[in-house]
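Undergrad: Enclosed is the structure file data_20.cif (mmCIF, C-alpha atoms and all ligand atoms).
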```cif
data_start
#
loop_
_atom_site.label_atom_id
_atom_site.label_comp_id
_atom_site.auth_asym_id
_atom_site.auth_seq_id
_atom_site.Cartn_x
_atom_site.Cartn_y
_atom_site.Cartn_z
CA MET A 150 29.77 7.11 -7.46
CA SER A 151 27.11 5.93 -9.89
CA PHE A 152 23.49 7.01 -10.10
CA ILE A 153 21.52 6.70 -6.84
CA PRO A 154 17.86 5.87 -7.57
CA TYR A 155 15.04 6.86 -5.16
CA GLY A 156 14.30 3.17 -4.53
CA ARG A 157 15.55 -0.23 -5.64
CA GLN A 158 15.04 -3.94 -5.02
CA ASP A 159 17.54 -6.14 -3.17
CA ILE A 160 18.01 -9.47 -4.98
CA ASP A 161 20.72 -11.85 -3.75
CA GLU A 162 21.92 -15.37 -4.55
CA LYS A 163 19.31 -16.98 -2.28
CA ASP A 164 16.52 -15.24 -4.20
CA ILE A 165 17.96 -16.45 -7.51
CA GLU A 166 18.38 -19.99 -6.23
CA ALA A 167 14.77 -20.09 -4.96
CA VAL A 168 13.43 -19.01 -8.36
CA THR A 169 15.68 -21.49 -10.17
CA ASN A 170 14.37 -24.29 -7.96
CA VAL A 171 10.78 -23.49 -8.92
CA LEU A 172 11.74 -23.38 -12.61
CA LYS A 173 13.11 -26.90 -12.27
CA SER A 174 10.03 -28.15 -10.39
CA ASP A 175 6.63 -29.41 -11.63
CA TYR A 176 4.69 -26.27 -10.84
CA LEU A 177 5.24 -22.82 -12.29
CA THR A 178 1.80 -21.75 -11.03
CA CYS A 179 -0.94 -23.15 -8.72
CA GLY A 180 1.75 -25.12 -6.91
CA PRO A 181 2.99 -25.56 -3.33
CA THR A 182 5.26 -22.48 -3.27
CA VAL A 183 2.23 -20.16 -3.45
CA ASN A 184 0.67 -21.90 -0.45
CA ASP A 185 3.94 -21.73 1.48
CA PHE A 186 4.32 -18.02 0.79
CA GLU A 187 0.73 -17.33 1.85
CA MET A 188 1.21 -19.23 5.11
CA GLU A 189 4.55 -17.62 5.91
CA PHE A 190 3.20 -14.16 5.14
CA ALA A 191 0.13 -14.74 7.35
CA ASN A 192 2.42 -15.93 10.16
CA TYR A 193 4.67 -12.92 9.74
CA VAL A 194 1.94 -10.27 9.94
CA GLY A 195 -0.15 -12.24 12.44
CA CYS A 196 -3.39 -12.81 10.53
CA LYS A 197 -5.38 -16.00 9.89
CA HIS A 198 -5.66 -15.89 6.10
CA ALA A 199 -3.36 -14.50 3.40
CA VAL A 200 -4.45 -14.75 -0.24
CA SER A 201 -1.86 -13.98 -2.92
CA PHE A 202 -2.58 -12.10 -6.16
CA SER A 203 -0.88 -11.24 -9.45
CA ASN A 204 -0.50 -7.66 -8.14
CA ALA A 205 -1.96 -5.38 -5.47
CA THR A 206 -4.32 -3.66 -7.93
CA ALA A 207 -5.97 -7.04 -8.56
CA ALA A 208 -6.05 -7.65 -4.79
CA LEU A 209 -7.77 -4.29 -4.23
CA HIS A 210 -10.30 -5.01 -7.00
CA VAL A 211 -11.19 -8.36 -5.46
CA ALA A 212 -11.15 -7.05 -1.86
CA VAL A 213 -13.87 -4.51 -2.67
CA LYS A 214 -15.80 -7.14 -4.65
CA ALA A 215 -15.64 -9.69 -1.82
CA LEU A 216 -16.82 -7.10 0.72
CA ILE A 217 -19.71 -5.87 -1.45
CA THR A 218 -21.08 -9.39 -1.74
CA THR A 219 -21.29 -9.67 2.08
CA ILE A 220 -23.84 -6.82 2.06
CA ASP A 221 -27.49 -7.42 1.21
CA GLU A 222 -28.09 -5.97 -2.27
CA SER A 223 -30.92 -3.68 -1.13
CA LYS A 224 -28.70 -2.25 1.63
CA ARG A 225 -25.56 -1.52 -0.41
CA LYS A 226 -24.48 2.12 -0.14
CA LYS A 227 -22.93 3.73 -3.20
CA LYS A 228 -19.94 5.63 -1.82
CA VAL A 229 -16.43 4.69 -0.64
CA ILE A 230 -13.84 7.09 0.81
CA THR A 231 -10.10 7.09 0.27
CA THR A 232 -7.21 9.57 0.47
CA PRO A 233 -5.99 11.70 -2.47
CA ILE A 234 -2.29 11.15 -1.67
CA THR A 235 -1.91 7.60 -2.90
CA PHE A 236 -1.32 5.59 -6.04
CA ALA A 237 -4.37 5.67 -8.35
CA ALA A 238 -5.14 1.98 -7.68
CA SER A 239 -6.48 2.76 -4.16
CA ALA A 240 -9.32 4.71 -5.80
CA ASN A 241 -9.63 2.84 -9.10
CA CYS A 242 -10.65 -0.36 -7.29
CA VAL A 243 -13.82 1.42 -6.14
CA LEU A 244 -14.71 2.39 -9.72
CA TYR A 245 -14.02 -1.15 -11.03
CA ASN A 246 -16.86 -2.23 -8.75
CA ASP A 247 -19.33 0.41 -10.02
CA LEU A 248 -19.25 2.35 -6.77
CA GLU A 249 -18.51 6.06 -6.30
CA VAL A 250 -15.24 7.22 -4.78
CA GLU A 251 -14.72 10.31 -2.63
CA PHE A 252 -11.52 11.79 -1.23
CA VAL A 253 -11.00 13.05 2.31
CA ASP A 254 -8.07 15.47 2.64
CA ILE A 255 -4.80 14.55 4.35
CA ASP A 256 -3.38 15.70 7.65
CA PRO A 257 -0.67 18.19 6.61
CA ASP A 258 1.89 16.66 9.01
CA THR A 259 1.44 12.86 8.73
CA TYR A 260 0.19 12.99 5.10
CA LEU A 261 -2.39 10.32 6.05
CA MET A 262 -6.16 10.69 5.72
CA ASP A 263 -7.33 13.25 8.31
CA LEU A 264 -9.69 11.27 10.55
CA ASP A 265 -11.36 14.42 11.92
CA LEU A 266 -12.31 15.38 8.37
CA LEU A 267 -13.46 11.81 7.73
CA GLU A 268 -15.86 12.06 10.69
CA LYS A 269 -17.21 15.38 9.41
CA ARG A 270 -17.82 13.89 5.96
CA LEU A 271 -19.68 10.94 7.45
CA GLU A 272 -21.76 13.15 9.77
CA ALA A 273 -22.92 15.13 6.75
CA ASP A 274 -24.27 11.98 5.04
CA PRO A 275 -24.44 9.22 7.65
CA GLU A 276 -26.35 6.81 5.37
CA GLY A 277 -24.34 7.36 2.19
CA TYR A 278 -21.17 5.36 2.62
CA GLN A 279 -20.23 1.69 2.34
CA GLY A 280 -16.53 1.61 3.13
CA VAL A 281 -13.24 3.38 3.65
CA ILE A 282 -9.79 2.68 2.16
CA PRO A 283 -7.05 4.30 4.27
CA VAL A 284 -3.48 4.21 2.97
CA ASP A 285 -0.39 3.74 5.16
CA PHE A 286 1.39 6.36 3.10
CA ALA A 287 5.21 6.12 2.84
CA GLY A 288 5.04 3.27 5.37
CA LEU A 289 3.33 5.10 8.24
CA PRO A 290 0.37 3.06 9.56
CA ILE A 291 -2.96 4.86 9.99
CA ASP A 292 -4.42 5.01 13.53
CA ILE A 293 -6.45 1.91 12.73
CA GLU A 294 -8.08 1.62 16.17
CA ARG A 295 -9.56 5.11 15.96
CA LEU A 296 -10.55 4.54 12.34
CA LYS A 297 -12.32 1.32 13.35
CA SER A 298 -14.41 3.12 15.98
CA ILE A 299 -15.46 5.70 13.37
CA ALA A 300 -16.18 2.98 10.79
CA ASP A 301 -18.32 1.02 13.26
CA LYS A 302 -20.43 4.07 14.04
CA TYR A 303 -21.38 4.35 10.35
CA SER A 304 -21.31 0.61 9.50
CA LEU A 305 -18.38 0.93 7.08
CA TRP A 306 -15.97 -1.78 6.06
CA ILE A 307 -12.23 -1.00 6.08
CA ILE A 308 -9.68 -2.05 3.46
CA GLU A 309 -6.28 -0.91 4.70
CA ASP A 310 -3.99 -0.25 1.73
CA ALA A 311 -0.67 -1.20 3.35
CA CYS A 312 1.27 -1.46 0.08
CA HIS A 313 3.90 0.86 1.58
CA ALA A 314 3.96 -0.69 5.03
CA PRO A 315 4.90 -4.39 5.30
CA GLY A 316 6.96 -4.72 8.49
CA GLY A 317 5.40 -1.57 9.94
CA GLY A 318 3.04 -1.61 12.88
CA ILE A 319 1.15 0.30 15.54
CA GLU A 320 0.50 0.25 19.26
CA THR A 321 -3.19 -0.42 20.05
CA SER A 322 -5.07 -0.82 23.33
CA LYS A 323 -4.69 -4.59 22.81
CA GLY A 324 -0.94 -4.32 22.24
CA TYR A 325 1.37 -3.81 19.28
CA GLU A 326 0.12 -5.12 15.94
CA LYS A 327 1.90 -5.43 12.65
CA CYS A 328 0.33 -4.04 9.49
CA GLY A 329 -1.69 -6.89 8.05
CA ALA A 330 -2.71 -8.37 11.42
CA SER A 331 -6.16 -7.15 10.41
CA ASN A 332 -7.64 -7.06 13.91
CA TYR A 333 -9.36 -3.77 13.03
CA ALA A 334 -9.39 -3.66 9.22
CA ASP A 335 -11.58 -6.18 7.39
CA MET A 336 -8.81 -6.70 4.86
CA THR A 337 -5.25 -5.42 4.43
CA ILE A 338 -3.54 -5.15 1.03
CA PHE A 339 0.16 -5.48 0.15
CA SER A 340 2.10 -5.03 -3.10
CA PHE A 341 5.21 -6.92 -4.20
CA HIS A 342 6.18 -4.64 -7.06
CA PRO A 343 10.00 -4.31 -7.02
CA VAL A 344 9.84 -0.70 -5.87
CA LYS A 345 8.04 -1.82 -2.66
CA HIS A 346 9.61 -3.75 0.24
CA LEU A 347 9.26 -7.29 -1.15
CA ALA A 348 10.14 -7.72 -4.81
CA CYS A 349 8.24 -10.56 -6.52
CA GLY A 350 8.40 -9.01 -9.99
CA GLU A 351 4.66 -8.45 -9.67
CA GLY A 352 2.51 -9.61 -6.79
CA GLY A 353 -0.04 -8.69 -4.16
CA MET A 354 -1.68 -10.06 -1.01
CA ILE A 355 -4.95 -9.78 0.87
CA CYS A 356 -4.76 -10.43 4.62
CA THR A 357 -7.90 -11.06 6.66
CA ASN A 358 -9.17 -12.87 9.74
CA ASN A 359 -12.64 -13.35 8.29
CA PRO A 360 -13.13 -16.84 6.75
CA ASP A 361 -15.93 -15.62 4.45
CA LEU A 362 -13.74 -12.87 3.04
CA ASP A 363 -10.90 -15.37 2.59
CA LYS A 364 -13.31 -17.58 0.63
CA GLY A 365 -14.56 -14.63 -1.44
CA ALA A 366 -11.02 -13.49 -2.21
CA ARG A 367 -10.07 -16.99 -3.43
CA LEU A 368 -13.29 -17.32 -5.45
CA TYR A 369 -12.85 -14.05 -7.39
CA ARG A 370 -9.10 -14.57 -7.77
CA SER A 371 -9.76 -17.65 -9.86
CA HIS A 372 -12.69 -17.09 -12.28
CA GLY A 373 -15.40 -17.44 -9.63
CA ILE A 374 -14.97 -21.22 -9.98
CA VAL A 375 -15.09 -23.61 -7.01
CA LYS A 376 -13.64 -27.11 -7.20
CA SER A 377 -14.55 -30.38 -5.51
CA ASP A 378 -13.58 -30.50 -1.85
CA GLY A 379 -13.73 -34.30 -2.05
CA ALA A 380 -16.92 -34.49 0.03
CA GLY A 381 -19.72 -36.05 -2.02
CA LYS A 382 -18.75 -34.50 -5.37
CA PRO A 383 -16.63 -36.30 -8.04
CA LEU A 384 -12.95 -35.28 -8.04
CA TRP A 385 -13.18 -33.53 -11.44
CA PHE A 386 -16.04 -31.37 -10.17
CA GLN A 387 -15.92 -27.63 -10.71
CA GLU A 388 -18.58 -24.98 -11.11
CA MET A 389 -18.56 -21.25 -11.73
CA LYS A 390 -20.53 -19.50 -9.00
CA ASP A 391 -19.97 -15.89 -9.96
CA LEU A 392 -18.11 -13.78 -12.51
CA GLY A 393 -14.48 -13.83 -11.36
CA PHE A 394 -11.02 -13.13 -12.74
CA ASN A 395 -7.66 -14.77 -13.29
CA TYR A 396 -5.57 -12.85 -10.75
CA ARG A 397 -3.34 -15.64 -9.44
CA MET A 398 0.31 -15.29 -8.44
CA PRO A 399 2.70 -17.74 -10.18
CA ASP A 400 4.96 -19.95 -8.03
CA ILE A 401 7.99 -18.25 -9.62
CA ASN A 402 6.96 -14.98 -7.98
CA ALA A 403 5.97 -16.67 -4.71
CA ALA A 404 9.48 -18.18 -4.46
CA LEU A 405 10.91 -14.68 -4.50
CA GLY A 406 8.31 -13.57 -1.98
CA ARG A 407 9.45 -16.27 0.46
CA THR A 408 13.16 -15.37 0.35
CA GLN A 409 12.40 -11.65 0.33
CA LEU A 410 10.16 -12.00 3.39
CA LYS A 411 13.10 -13.39 5.37
CA LYS A 412 14.92 -10.08 4.81
CA LEU A 413 11.97 -7.84 5.65
CA ASP A 414 12.78 -7.10 9.31
CA ASN A 415 16.36 -6.15 8.47
CA SER A 416 15.15 -4.05 5.57
CA VAL A 417 12.74 -2.09 7.79
CA LYS A 418 15.49 -1.68 10.38
CA ARG A 419 17.92 -0.26 7.82
CA ARG A 420 15.22 2.00 6.36
CA ASN A 421 14.63 3.40 9.86
CA GLU A 422 18.38 3.95 10.37
CA ILE A 423 18.52 5.95 7.16
CA SER A 424 15.39 7.91 8.03
CA LYS A 425 16.92 8.84 11.41
CA VAL A 426 19.91 10.37 9.59
CA TYR A 427 17.60 12.22 7.19
CA GLU A 428 15.42 13.44 10.09
CA ASN A 429 18.40 14.88 11.97
CA PHE A 430 19.49 16.62 8.79
CA CYS A 431 15.98 18.04 8.20
CA GLU A 432 15.76 19.27 11.82
CA ALA A 433 19.11 21.06 11.44
CA LYS A 434 18.09 22.66 8.13
CA GLY A 435 14.46 23.42 9.02
CA ILE A 436 13.11 21.12 6.30
CA LYS A 437 9.60 19.70 6.75
CA TYR A 438 9.27 15.90 6.63
CA GLN A 439 6.60 13.33 7.49
CA ALA A 440 5.62 13.48 11.16
CA ASN A 441 5.83 10.14 12.94
CA PRO A 442 3.35 9.56 15.79
CA LYS A 443 5.07 7.78 18.71
CA LYS A 444 2.85 4.72 18.68
CA ALA A 445 3.61 3.82 15.03
CA LEU A 446 6.55 1.99 13.48
CA ASN A 447 7.00 3.52 10.03
CA ALA A 448 8.14 0.89 7.49
CA HIS A 449 9.60 3.73 5.38
CA HIS A 450 8.88 2.69 1.85
CA LEU A 451 9.57 6.36 1.14
CA PHE A 452 11.20 9.36 2.76
CA VAL A 453 9.37 12.51 1.70
CA ILE A 454 10.49 16.07 2.34
CA GLU A 455 8.74 19.33 1.48
CA VAL A 456 10.61 22.24 -0.16
CA GLU A 457 9.58 25.50 -1.83
CA LYS A 458 11.42 25.06 -5.13
CA ARG A 459 10.58 21.41 -5.58
CA ASP A 460 10.95 21.16 -9.37
CA GLU A 461 14.31 22.94 -9.26
CA LEU A 462 15.52 20.55 -6.54
CA PHE A 463 14.39 17.58 -8.66
CA THR A 464 16.49 18.80 -11.62
CA PHE A 465 19.44 19.80 -9.42
CA LEU A 466 19.61 16.33 -7.83
CA ARG A 467 19.18 14.61 -11.19
CA GLU A 468 22.26 16.48 -12.46
CA LYS A 469 24.13 15.24 -9.41
CA GLN A 470 23.17 11.63 -10.25
CA ILE A 471 20.56 11.42 -7.49
CA GLY A 472 17.11 10.09 -8.36
CA THR A 473 13.96 11.39 -6.71
CA GLN A 474 10.26 10.96 -7.36
CA ILE A 475 6.97 12.73 -6.64
CA HIS A 476 4.48 10.72 -4.54
CA TYR A 477 1.83 11.56 -5.56
CA VAL A 478 -0.23 13.72 -7.87
CA PRO A 479 -3.50 13.89 -5.86
CA VAL A 480 -5.58 11.16 -7.52
CA TYR A 481 -8.54 13.43 -8.29
CA LEU A 482 -6.31 15.86 -10.27
CA HIS A 483 -5.64 13.21 -12.94
CA PRO A 484 -7.54 13.99 -16.18
CA TYR A 485 -9.71 10.88 -15.85
CA TYR A 486 -10.91 11.96 -12.40
CA GLN A 487 -11.33 15.60 -13.49
CA GLU A 488 -13.75 14.34 -16.12
CA LEU A 489 -15.72 12.63 -13.37
CA GLY A 490 -16.28 16.09 -11.89
CA PHE A 491 -13.58 16.43 -9.22
CA LYS A 492 -12.21 19.96 -8.95
CA LYS A 493 -8.93 21.62 -8.12
CA GLY A 494 -9.36 22.93 -4.57
CA ASP A 495 -11.26 19.86 -3.33
CA CYS A 496 -8.45 18.88 -0.90
CA PRO A 497 -6.30 21.96 -0.19
CA HIS A 498 -3.82 20.20 2.13
CA ALA A 499 -3.15 17.49 -0.44
CA GLU A 500 -2.65 20.09 -3.17
CA ARG A 501 -0.25 22.17 -1.12
CA TYR A 502 1.67 19.03 -0.15
CA PHE A 503 1.81 17.97 -3.82
CA GLU A 504 3.39 21.30 -4.85
CA ARG A 505 6.22 20.84 -2.35
CA CYS A 506 6.80 17.08 -1.91
CA ILE A 507 9.80 15.13 -3.14
CA SER A 508 10.81 11.56 -2.24
CA ILE A 509 14.56 11.21 -1.70
CA PRO A 510 16.51 7.92 -1.99
CA MET A 511 15.34 5.27 0.48
CA TYR A 512 16.14 1.55 0.20
CA PRO A 513 17.92 -0.96 2.44
CA THR A 514 21.10 -1.28 0.35
CA LEU A 515 21.62 2.50 0.30
CA LYS A 516 25.09 3.03 1.77
CA ASP A 517 26.01 5.54 4.49
CA GLU A 518 28.23 7.48 2.09
CA GLU A 519 25.35 7.67 -0.41
CA VAL A 520 23.07 9.04 2.33
CA GLU A 521 25.76 11.67 3.01
CA LYS A 522 25.93 12.52 -0.68
CA VAL A 523 22.14 13.03 -0.79
CA LYS A 524 22.28 15.24 2.33
CA SER A 525 25.13 17.42 1.09
CA ALA A 526 23.51 17.85 -2.36
CA ILE A 527 20.23 19.00 -0.78
CA GLY A 528 22.22 21.22 1.61
CA GLU A 529 24.08 22.76 -1.32
CA PHE A 530 20.81 23.44 -3.15
CA LEU A 531 19.22 25.13 -0.13
CA GLY A 532 22.38 27.23 0.40
C1 LIG A 601 1.99 0.16 -5.52
C2 LIG A 601 0.69 0.50 -4.92
C3 LIG A 601 -0.51 -0.11 -5.32
C4 LIG A 601 -0.60 -1.06 -6.48
O1 LIG A 601 0.31 -2.08 -6.42
P1 LIG A 601 0.60 -3.02 -7.68
O2 LIG A 601 1.14 -4.27 -7.07
O3 LIG A 601 1.60 -2.31 -8.52
O4 LIG A 601 -0.68 -3.25 -8.41
C5 LIG A 601 -1.66 0.21 -4.63
N1 LIG A 601 -1.66 1.11 -3.63
C6 LIG A 601 -0.54 1.73 -3.24
C7 LIG A 601 -0.59 2.70 -2.11
C8 LIG A 601 0.66 1.46 -3.89
O5 LIG A 601 1.78 2.12 -3.52
#
```
I'd like the structure from this file rewritten - as structure tokens, please.
Ligand SMILES: *Cc1c(COP(=O)(O)O)cnc(C)c1O
TA:
Amino acid sequence: MSFIPYGRQDIDEKDIEAVTNVLKSDYLTCGPTVNDFEMEFANYVGCKHAVSFSNATAALHVAVKALITTIDESKRKKKVITTPITFAASANCVLYNDLEVEFVDIDPDTYLMDLDLLEKRLEADPEGYQGVIPVDFAGLPIDIERLKSIADKYSLWIIEDACHAPGGGIETSKGYEKCGASNYADMTIFSFHPVKHLACGEGGMICTNNPDLDKGARLYRSHGIVKSDGAGKPLWFQEMKDLGFNYRMPDINAALGRTQLKKLDNSVKRRNEISKVYENFCEAKGIKYQANPKKALNAHHLFVIEVEKRDELFTFLREKQIGTQIHYVPVYLHPYYQELGFKKGDCPHAERYFERCISIPMYPTLKDEEVEKVKSAIGEFLG
């Protein structure tokens, strides 16, 4: 058997044909395929507006920017909270917008932001915060209904970073909702980097039900320029309203997004089959893995286990042609964040998790015999 990576994209002939069709068409960017992808994605998750981006980092940058501009300048609070166990972009987007970021520690079982600790932080400075960016880590959706009730109490906006969780969802008092439905979050963010569920090469999406935020997202995505809507203004008309960016997704990428989206449900199903096998194995061996609250459907971008001799296991599996990865170094332990004044010890649960965590292979085309190979190699290591 050849090398088994920790994750990989699934590109088939239909994906290739869709991209080829765009290459032969009139529009490589700003064309109809982008609009089709946005509409199909919005339909899939169940939200009103989906706005595509060149990547999820750009989408996060613009999401924060669009939300800030809805708040009266004199009333804007300086601080935004996120979780330390995420990719750096979930926190960087706060800094891009000249706000301050803080980290609330994770729950040691779900690895998601601990909402009890979030409440304590807010109680200590009820007037200090503007928003919160929870992350559906590894594909497990945050308890968005509870988070919304906390956020409302302190007038916070919510940007749900669901980069790991397309196809995931959660039971709420109003019924089951898919990640991205955005009935509780103001905006939900997705990534289409090949290591995530949908591979567009690069790509991202903002989902929202708020027409003003949809408008803001589109404005900042494209230079802050608005064009003629045909009503009263000449057809060539365009004017720059604010300082924006060029964060658009090309039609080439959107074509991939459309064909990839058709496979998403099957992909999440297969990921959950694999995780069931891993979970049974972990139960038998007494290995700790991500807890899964009953009301959530985990989209399983990752499968993370915790072991004592993590670095040794990493090397051992590498020698057996099995790829693993560490998700993540707590964001505030990166040198850049240390220079901002964050300290080791700030989030003890995240730091303990980080010493022990390892992501084992998880992707829809992973075969049963490969899953067995991963299990027996880990079993051999643990003795
Ligand atoms: C991948 C990822 C991002 C950034 O996505 P890009 O599309 O690569 O910019 C942001 N947040 C999380 C949680 C991610 O996993």
Undergrad: Out of A:Ala380, A:Phe530, A:Phe503, A:Tyr278, which residue has the shortest atom-to-atom distance to A:Thr464 when counting all atoms listed in the file?
TA: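 Of A:Ala380, A:Phe530, A:Phe503, A:Tyr278, the one nearest A:Thr464 is A:Phe530, counting all atoms listed in the file.
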Undergrad: Quick one: residues within 9 Å of A:Lys327, all atoms listed in the file counted, chain neighbours fewer than 3 positions away excluded, as a PyMOL selection string?
TA: chain A and resi 193-195+315-320+330-331+446
Undergrad: When you draw a straight line from atom CA of A:Asp391 to atom CA of A:Asp335, how long is it in Å?
TA: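 Distance between the two atoms: 21.6 Å.
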Undergrad: Taking all atoms listed in the file into account, list the residues no farther than 7 Å from ligand LIG 601 (chain A), as a list in words.
TA: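 Protein and nucleic-acid residues within 7 Å of ligand LIG 601 (chain A): Asn204, Ala205, Thr206, Ala207, Thr235, Phe236, Ala238, Ser239, Val284, Phe286, Asp310, Ala311, Cys312, His313, Ser340, Phe341, His342, Lys345, Glu351, Gly352 and Gly353 of chain A.
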Undergrad: Just give me the gap between atom CA of A:Ile165 and atom CA of A:Leu405 in Å, one decimal is fine.
TA: 7.9 Å
Undergrad: Rank nothing, just name the residue among A:Glu519, A:Ile217, A:Asp400, A:Leu384 nearest to A:Gly472, using all atoms listed in the file.
TA: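 Using all atoms listed in the file, the shortest distance to A:Gly472 belongs to A:Glu519.
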Undergrad: When you draw a straight line from atom CA of A:Glu428 to atom CA of A:Val456, how long is it in Å?
TA: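 We find that atom CA of A:Glu428 and atom CA of A:Val456 lie 14.3 Å from each other.
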Undergrad: Have a look at A:Gly288, A:Pro497, A:Pro181, A:Pro513 and name the one nearest to A:Asp256; count all atoms listed in the file.
TA: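 Among the listed residues, the smallest separation from A:Asp256 belongs to A:Pro497.
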Undergrad: Contacts of A:Cys196 at 9 Å or less, counting all atoms listed in the file, minus same-chain residues fewer than 6 places along, as a list in words?
TA: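 Answer for this query is Phe190, Gly329, Ala330, Ser331, Asn332, Cys356, Thr357 and Asn358 of chain A.
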